[in-house]
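Notes for the one structure printed next.
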Amino acid sequence: MNAAAALTVTDASPRLREPGLWPAGVERRRVPALGMLALPVFCGDEVEIVDPQGLQVAHVAGFNHLGESVTTALGIAANTGGERMAKCLAAAAADANGGASAQRLAGKLREHNIDLSRAQVAELLAGESRPGNAASFVCEVDALCLVCAPGEELLAGASPSPGEAPSPASPSPTESPSPASPSPAASPSPASSLPPTELIVFIRRAAATTVAAEPPPLPEPLADPRADMRIAQSTAAAYEVAAGEYIQVIDVEGRQCSDFQCFDRAQLERGVERCLDATTTRALIGAAYPKPGLYAKFYDVDFEPLVEVVQDTCGRHDSFGLACTAKYYDDAGYPGHVNCSDNFNRALQPYQVAPRKGWMAMNLFFNTFFDDAYQFTFDDPWSRPGDYVLLRALKDMVCVSSACPCDIDPANGWNPTDIHLRLYARDKLFKRALAFRKTPDEEPQMTLETGFHPRTSKLTRNFTEYANHWLAQSYTNLGAVAEYWACREAVAVADLSPLRKAEVVGPDAERLLQLCVTRDMRRLSDGQVVYTAMCHESGGMIDDGTVFRLRPDNWRWVGGGDESILWLRRQAEERGLRVWVKDSTAQLHNLQVQGPRSLEVLREVIRTRPDQAAVDELQWFRFSIARVVVGGRGRDGDGVPVVLSRTGYTGERGYEIFCHPKHAPQVWDAVWDAGQSAGIKPLGLEALDMLRIEAGLAFAGNEFDDQTDPFEAGIGFTVADKADDFIGKRALQKRKANPQRRLVGLELAGDEPAATGDGVFAGAQQVGVITSGMRSPALRKNIALCRIAVEYAAPGRDRQLEVGKLDGHQKRLPCAVTAFPHYDPKKTRVRGATPPQLKQ
């Protein structure tokens with residue numbers, strides 16, 4: 001079966017697209033790399049397994065209710081054993097990010113006497129699988145179907161070409177490679193040494209064609225629930241929870257609102273109603289509504305916390321509107337319409353809660369916003385089938401939840417449906433997480449911890465979600481300014497593991513990158529890195545990033561977002577190139593070691609083979625395959641494989657260490673211990689932002705987006721005058737010849753910093769916009785980056801420019817264009833020449 005066929009319509013006219021909402025009877029599931037999916041299948045169900053990135057085998061096994069292997073009865077031939085499936089499940093259960101679900105699956109398999117190591121397994125999509133290749137089968141029996149995405153871990157500095165088997169034993173890092181080792185120039189062909197990647201499974205239920213459509217299956221429980229409750233559409237229900245227990249509110253079919261309210265039970269028993277107060281909550285957290293992280297709690301009017309948000313897969317809710325009321329429907333011409341406020345009143349009667357005409361509530365999944373005229377309005381919810389919010393009770397509480405009945409507007413997508421509740425005991429432990437989707441069609445992936453998180457979490461609790469990972473904003477007993485000075489004067493370490501990495505491999509790897517990035521890939525040598533832009537045909541930027549050339553047919557892309565990797569894969573597919581773009585973000589985590597004393601620290605812990613540049617020899621934008629010495633300083637102890645690059649994001653001399661996440665704590669410890677005498681400090685995102693603004697380094701969403709070209713983003717130097725054609729070349733040539741805007745530096749009078757989005761004015765006319773701003777500790781100035789009309793881009797104070805605050809006109813901050821970048825414009829520090837110590 002082709003999954004796309006399930007969505008085919010015979011009418012060729014344009015139709016409304018609602019990504020992520022699949023037709024009745026069609027389910028889409030994700031199998032993570034090195035992970036496993038368990039799904040019940042029934043006779044006649046069609047299953048399709050898609051390899052979106054290529055070169056990823058699928059292992060499939062089936063079991064009946066007795067735990068007996070029935071793989072062949074799924075309509076596929078068993079051709080291998082289950083050892084790799086068992087290994088994947090064991091590895092997944094030990095994973096810090098997804099171990100809980102794998103542990104539950106392993107427990108259920110044991111309950112049913114299922115031994116994976118002895119299972120009959122079908123290996124599908126073997127050989128030179130192209131991106132998008134699929135294998136499908138029709139189930140001949142009812143069974144539990146297990147789908148696994150097996151593979152081997154990608155170790156930094158140990159990545160053979162596709163098709164080369166890893167050598168049985170790696171040579172000592174201090175020895176030359178053995179003559180028997182695979183040659184770097186070996187002819188590449190697909191094989192197993194690339195990073196394992198995800199699989200997508202589509203299930204088309206046979207029952208959907210013969211009976212009325214059933215609601216989509218609920219997501220797997222997060223743990224064994226102590227209670228399951230279905231709230232039928234257009235109703236509400238009250239329930240009790242104890243302090244520490246969890247409430248999971250699930251949107252069963254998607255696009256359905258659920259109002260939530262809760263009461264302090266102890267207060268209620270004394271006749272005092274203290275419930276969730278949305279206004280108080282917004283004032284205390286400084287946001288429209290809480291979300292997982294530091295500001296996650298709801299409060300009552302006495303400032304007492306009642307409940308906190310632990311997980312959220314939707315991310316779009318409302319705390320401004322009331323639960324729907326009789327008056328709302330009366331005024332719209334629907335007198336007597338059922339409403340959430342009256343449903344709340346009925347549900348709360350047993351608790352002697354005074355009825356209200358309109359209930360303040362947290363309106364989960366309700367998609368509201370204020371328009372440019374400050375009108376409060378709403379549209380279809382963002383929630384998909386199975387989306388949920390997980391709450392933790394902070395007191396013994398009486399709660400009430402609704403399945404909103406509104407069918408007269410888009411509040412519930414015009415079609416009210418059910419809400420499902422699960423309650424979990426207080427002894428369960430759930431990690432804080434938000435959902436992230438690479439594309440609108442994707443299943444949610446919850447916020448991850450990096451390989452360095454076990455170390456950074458001991459130094460701070462101030463984390464923020466960044467690119468689907470938790471990263472430190474700042475560190476306890478330091479703060480952004482102290483961390484900043486540590487990088488400018490000594491050495492600092494920053495976890496930037498969320499940067500997206502992709503292995504670009506195959507005979508057409510160079511050709512693909514030459515087509516998709518603005519720099520000239522044909523000028524790179526092995527061991528070289530280059531910073532580049534990636535653009536649309538219009539010249540607007542997709543991303544910026546670095547390209548590493550490992551070997552002639554082995555390249556690595558490191559960028560800021562997923563779109564650049566998807567773009568590379570799409571261009572390869574459309575042009576029929578023999579190249580694979582394999583996401584390796586989960587396999588390569590990176591630690592930046594930055595500052596004038598960074599070399600001094602790394603001398604203690606880095607060792608390289610004779611054919612690689614030693615750390616003292618490593619030049620700017622070069623990298624070496626290396627080892628980090630662990631277990632002690634000096635040359636003793638075991639080493640872990642890494643890639644060491646002379647790159648960074650601070651404007652200081654610095655390096656990046658790329659390693660497998662399982663080695664990340666060892667790498668951190670080695671660098672941290674070696675850096676103590678140099679005054680090493682951790683570096684959070686707040687300080688990193690200060691450093692990169694001073695150095696004039698671009699950040700996606702601030703200095704560039706898909707409407708901005710590299711010249712306007714201040715990185716026009718990345719657009720090479722290369723003979724080969726590349727995507728966006730003609731548009732960029734026109735833009736370069738006829739520039740409209742330029743990124744410049746500004747100095748502002750006074751100490752009030754400019755904020756991203758502030759207008760820059762010449763009199764009444766806006767001529768620019770602030771992209772980033774800060775007070776510079778080193779320069780002792782108030783500075784900003786600004787994209788401005790070229791007529792006003794020349795440095796000097798001959799033009800009267802002002803940054804507009806408030807409405808842009810009622811407060812003006814005088815400013816002037818200055819040299820760009822503000823800090824070290826000749827790049828002497830980042831290249832390695834360190835001027836005298838900066839004065840504070």
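Residue names in the structure tokens use chain letters A, B, ... in the order shown, residue numbers from 1 in each chain, and ligand numbers from 1 in the order shown.
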- Task: Skip Glu600 (chain A) itself and residues of its chain fewer than 3 positions away, then list as a PyMOL selection string all residues within 10 Å of it, counting only C-alpha atoms.
- Result: chain A and resi 490-491+595-597+603-605+615-616+674-675+677-678
- Task: Extract, using only C-alpha atoms, all DNA, RNA and protein residues at most 12 Å from Gly714 (chain A), discarding same-chain residues fewer than 5 positions from it, and format them as a list in words.
- Result: Ala533, Asp544, Ile693, Ala695, Gly696, Leu697, Ala698, Phe699, Asn702, Glu703, Phe704, Thr708, Asp709, Val719, Arg741, Arg742, Leu743, Val744, Gly745, Thr771, Leu785, Cys786, Arg787, Ile788, Ala793, Phe820 and Pro821 of chain A
- For Gln733 (chain A), the nearest of the candidates A:Glu269, A:Asp372, A:Glu537, A:Asp543, counting only C-alpha atoms: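 That would be A:Glu537, the residue with the smallest distance to Gln733 (chain A).
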- Taking the DSSP assignment computed from this structure's backbone, write out as a list in words all residues of region 481-528 of chain A that belong to alpha helix (DSSP H). Val481, Ala482, Glu483, Tyr484, Trp485, Ala486, Cys487, Arg488, Glu489, Ala509, Glu510, Arg511, Leu512, Leu513, Gln514, Leu515 and Cys516 of chain A
If you keep N, CA and C atoms, can you produce a file of those selected residues as a compact mmCIF listing (two decimals), in the first residue's frame?
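Heads up, here's the output in out-v5.txt:
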```txt
# COMPACT_ATOMS: atom_id res chain seq x y z
N VAL A 481 26.47 37.67 32.94
CA VAL A 481 27.62 38.57 32.82
C VAL A 481 28.91 37.88 33.25
N ALA A 482 28.88 37.12 34.33
CA ALA A 482 30.07 36.39 34.77
C ALA A 482 30.48 35.33 33.74
N GLU A 483 29.50 34.67 33.16
CA GLU A 483 29.80 33.65 32.14
C GLU A 483 30.40 34.31 30.90
N TYR A 484 29.85 35.46 30.54
CA TYR A 484 30.37 36.23 29.41
C TYR A 484 31.85 36.58 29.62
N TRP A 485 32.19 37.12 30.81
CA TRP A 485 33.57 37.52 31.06
C TRP A 485 34.50 36.31 31.09
N ALA A 486 34.01 35.17 31.56
CA ALA A 486 34.84 33.98 31.55
C ALA A 486 35.25 33.61 30.13
N CYS A 487 34.33 33.77 29.20
CA CYS A 487 34.65 33.46 27.80
C CYS A 487 35.57 34.52 27.20
N ARG A 488 35.36 35.77 27.52
CA ARG A 488 36.18 36.83 26.94
C ARG A 488 37.60 36.82 27.51
N GLU A 489 37.77 36.40 28.77
CA GLU A 489 39.08 36.53 29.43
C GLU A 489 39.77 35.20 29.72
N ALA A 509 27.64 13.22 -3.17
CA ALA A 509 27.55 14.08 -1.99
C ALA A 509 28.06 15.49 -2.28
N GLU A 510 29.23 15.59 -2.89
CA GLU A 510 29.78 16.92 -3.20
C GLU A 510 28.88 17.67 -4.17
N ARG A 511 28.36 16.95 -5.14
CA ARG A 511 27.49 17.58 -6.14
C ARG A 511 26.23 18.14 -5.48
N LEU A 512 25.65 17.41 -4.53
CA LEU A 512 24.46 17.90 -3.85
C LEU A 512 24.76 19.15 -3.05
N LEU A 513 25.84 19.14 -2.29
CA LEU A 513 26.17 20.30 -1.48
C LEU A 513 26.55 21.50 -2.34
N GLN A 514 27.25 21.26 -3.44
CA GLN A 514 27.60 22.35 -4.36
C GLN A 514 26.34 23.00 -4.91
N LEU A 515 25.29 22.22 -5.08
CA LEU A 515 24.02 22.72 -5.59
C LEU A 515 23.25 23.51 -4.54
N CYS A 516 23.36 23.10 -3.27
CA CYS A 516 22.46 23.60 -2.23
C CYS A 516 23.03 24.68 -1.33
```
- Separation of CA of Asp724 (chain A) and CA of Leu524 (chain A), in Å? 14.7 Å
- Which distance in Å separates CA of Gln528 (chain A) and CA of Lys582 (chain A), to one decimal? 20.2 Å
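Contact shell of region 388-395 of chain A at 8 Å (only C-alpha atoms; same-chain neighbours under 4 positions omitted): A:Val241, A:Ala242, A:Ala243, A:Gly244, A:Glu245, A:Tyr246, A:Ile247, A:Gln248, A:Val249, A:Ile250, A:Asp251, A:Asp264, A:Arg265, A:Pro305, A:Leu306, A:Val307, A:Glu308, A:Val309, A:Val310, A:Gln311, A:Asp312, A:Thr313, A:Cys314, A:Leu364.
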Can you write just those residues out, N, CA, C and O atoms, as a compact mmCIF listing (two decimals), in the first residue's frame?
```txt
# COMPACT_ATOMS: atom_id res chain seq x y z
N VAL A 241 -8.26 14.43 43.03
CA VAL A 241 -6.86 13.99 42.93
C VAL A 241 -6.14 14.40 44.20
O VAL A 241 -6.48 15.40 44.84
N ALA A 242 -5.15 13.60 44.57
CA ALA A 242 -4.34 13.90 45.74
C ALA A 242 -3.10 14.68 45.32
O ALA A 242 -2.67 14.62 44.16
N ALA A 243 -2.51 15.38 46.26
CA ALA A 243 -1.28 16.13 45.98
C ALA A 243 -0.23 15.18 45.44
O ALA A 243 -0.02 14.08 45.97
N GLY A 244 0.42 15.59 44.34
CA GLY A 244 1.46 14.77 43.72
C GLY A 244 0.97 13.90 42.61
O GLY A 244 1.77 13.38 41.82
N GLU A 245 -0.35 13.70 42.49
CA GLU A 245 -0.88 12.87 41.42
C GLU A 245 -0.92 13.66 40.11
O GLU A 245 -0.87 14.89 40.10
N TYR A 246 -1.04 12.94 39.01
CA TYR A 246 -0.98 13.53 37.68
C TYR A 246 -2.32 13.38 36.96
O TYR A 246 -3.02 12.37 37.12
N ILE A 247 -2.63 14.38 36.16
CA ILE A 247 -3.85 14.40 35.36
C ILE A 247 -3.44 14.55 33.89
O ILE A 247 -2.80 15.55 33.53
N GLN A 248 -3.79 13.59 33.07
CA GLN A 248 -3.51 13.67 31.63
C GLN A 248 -4.82 13.94 30.90
O GLN A 248 -5.74 13.12 30.93
N VAL A 249 -4.91 15.10 30.27
CA VAL A 249 -6.10 15.50 29.51
C VAL A 249 -5.81 15.26 28.03
O VAL A 249 -4.92 15.91 27.46
N ILE A 250 -6.54 14.34 27.41
CA ILE A 250 -6.25 13.89 26.05
C ILE A 250 -7.35 14.32 25.10
O ILE A 250 -8.54 14.08 25.36
N ASP A 251 -6.97 14.95 24.02
CA ASP A 251 -7.89 15.27 22.93
C ASP A 251 -7.98 14.04 22.04
O ASP A 251 -7.04 13.72 21.31
N ASP A 264 -8.74 23.91 45.75
CA ASP A 264 -8.03 23.43 46.94
C ASP A 264 -9.06 22.70 47.82
O ASP A 264 -9.98 23.32 48.37
N ARG A 265 -8.91 21.38 47.94
CA ARG A 265 -9.92 20.59 48.63
C ARG A 265 -10.03 20.96 50.11
O ARG A 265 -11.13 21.02 50.68
N PRO A 305 0.12 28.01 44.76
CA PRO A 305 0.17 27.16 43.58
C PRO A 305 -0.75 25.96 43.73
O PRO A 305 -0.80 25.32 44.78
N LEU A 306 -1.51 25.66 42.68
CA LEU A 306 -2.46 24.55 42.72
C LEU A 306 -2.03 23.38 41.84
O LEU A 306 -2.17 22.22 42.22
N VAL A 307 -1.53 23.68 40.66
CA VAL A 307 -1.22 22.63 39.70
C VAL A 307 -0.11 23.13 38.79
O VAL A 307 0.03 24.34 38.59
N GLU A 308 0.71 22.22 38.29
CA GLU A 308 1.77 22.63 37.35
C GLU A 308 1.69 21.79 36.08
O GLU A 308 1.27 20.63 36.10
N VAL A 309 2.10 22.40 34.98
CA VAL A 309 2.11 21.72 33.68
C VAL A 309 3.44 20.96 33.56
O VAL A 309 4.51 21.57 33.68
N VAL A 310 3.35 19.68 33.32
CA VAL A 310 4.54 18.84 33.22
C VAL A 310 4.88 18.54 31.77
O VAL A 310 6.03 18.61 31.35
N GLN A 311 3.87 18.17 30.98
CA GLN A 311 4.08 17.89 29.56
C GLN A 311 2.95 18.50 28.75
O GLN A 311 1.82 18.62 29.22
N ASP A 312 3.26 18.86 27.50
CA ASP A 312 2.27 19.48 26.64
C ASP A 312 2.64 19.17 25.19
O ASP A 312 3.71 19.57 24.72
N THR A 313 1.78 18.45 24.49
CA THR A 313 2.07 18.10 23.09
C THR A 313 1.40 19.04 22.10
O THR A 313 1.60 18.90 20.90
N CYS A 314 0.60 19.97 22.58
CA CYS A 314 -0.09 20.91 21.69
C CYS A 314 0.56 22.28 21.72
O CYS A 314 0.95 22.82 20.69
N LEU A 364 -7.98 24.41 27.74
CA LEU A 364 -6.98 23.60 27.04
C LEU A 364 -7.39 23.40 25.59
O LEU A 364 -8.57 23.13 25.28
```
- Item | Selected residue, from A:Val47, A:Leu154, A:Leu421, A:Ala86, that lies nearest to Pro219 (chain A) when counting only C-alpha atoms | A:Leu421
- Task: Would you mind listing what lies within 8 Å of Arg356 (chain A) as a PyMOL selection string, with only C-alpha atoms counted and same-chain residues fewer than 5 positions away left out?
- Result: chain A and resi 341-342+345
- Name the residues in contact with Pro665 (chain A) at a cut-off of 9 Å, using only C-alpha atoms, excluding same-chain residues fewer than 3 positions from it; report them as a PyMOL selection string. chain A and resi 451-455+661-662+668-670
How about saving the chosen residues, N, CA, C and O atoms kept, as a compact mmCIF listing (two decimals), in the first residue's frame?
```txt
# COMPACT_ATOMS: atom_id res chain seq x y z
N GLY A 451 23.33 14.88 25.92
CA GLY A 451 24.27 14.01 26.60
C GLY A 451 25.01 14.70 27.73
O GLY A 451 25.50 14.03 28.66
N PHE A 452 25.08 16.03 27.68
CA PHE A 452 25.78 16.79 28.72
C PHE A 452 24.85 17.19 29.87
O PHE A 452 25.31 17.76 30.87
N HIS A 453 23.56 16.90 29.75
CA HIS A 453 22.59 17.33 30.75
C HIS A 453 22.90 16.80 32.15
O HIS A 453 22.69 17.53 33.14
N PRO A 454 23.40 15.55 32.30
CA PRO A 454 23.73 15.11 33.66
C PRO A 454 24.75 16.00 34.36
O PRO A 454 24.79 16.05 35.59
N ARG A 455 25.56 16.73 33.60
CA ARG A 455 26.54 17.64 34.21
C ARG A 455 25.98 19.05 34.35
O ARG A 455 26.10 19.68 35.40
N PRO A 661 26.53 10.90 22.43
CA PRO A 661 25.98 11.33 23.72
C PRO A 661 26.33 10.42 24.89
O PRO A 661 26.40 10.90 26.03
N LYS A 662 26.58 9.14 24.63
CA LYS A 662 26.94 8.27 25.76
C LYS A 662 28.32 8.63 26.32
O LYS A 662 28.64 8.30 27.47
N TRP A 668 32.81 16.07 29.11
CA TRP A 668 32.64 17.24 29.99
C TRP A 668 33.61 17.16 31.17
O TRP A 668 34.30 18.15 31.49
N ASP A 669 33.66 16.01 31.83
CA ASP A 669 34.51 15.87 33.01
C ASP A 669 35.97 16.12 32.68
O ASP A 669 36.69 16.80 33.44
N ALA A 670 36.42 15.57 31.54
CA ALA A 670 37.83 15.74 31.17
C ALA A 670 38.16 17.21 30.93
O ALA A 670 39.18 17.72 31.43
```
- Using only C-alpha atoms: which of A:Gln56, A:Val767, A:Arg556, A:Tyr649 has the shortest distance to Gly127 (chain A): A:Gln56
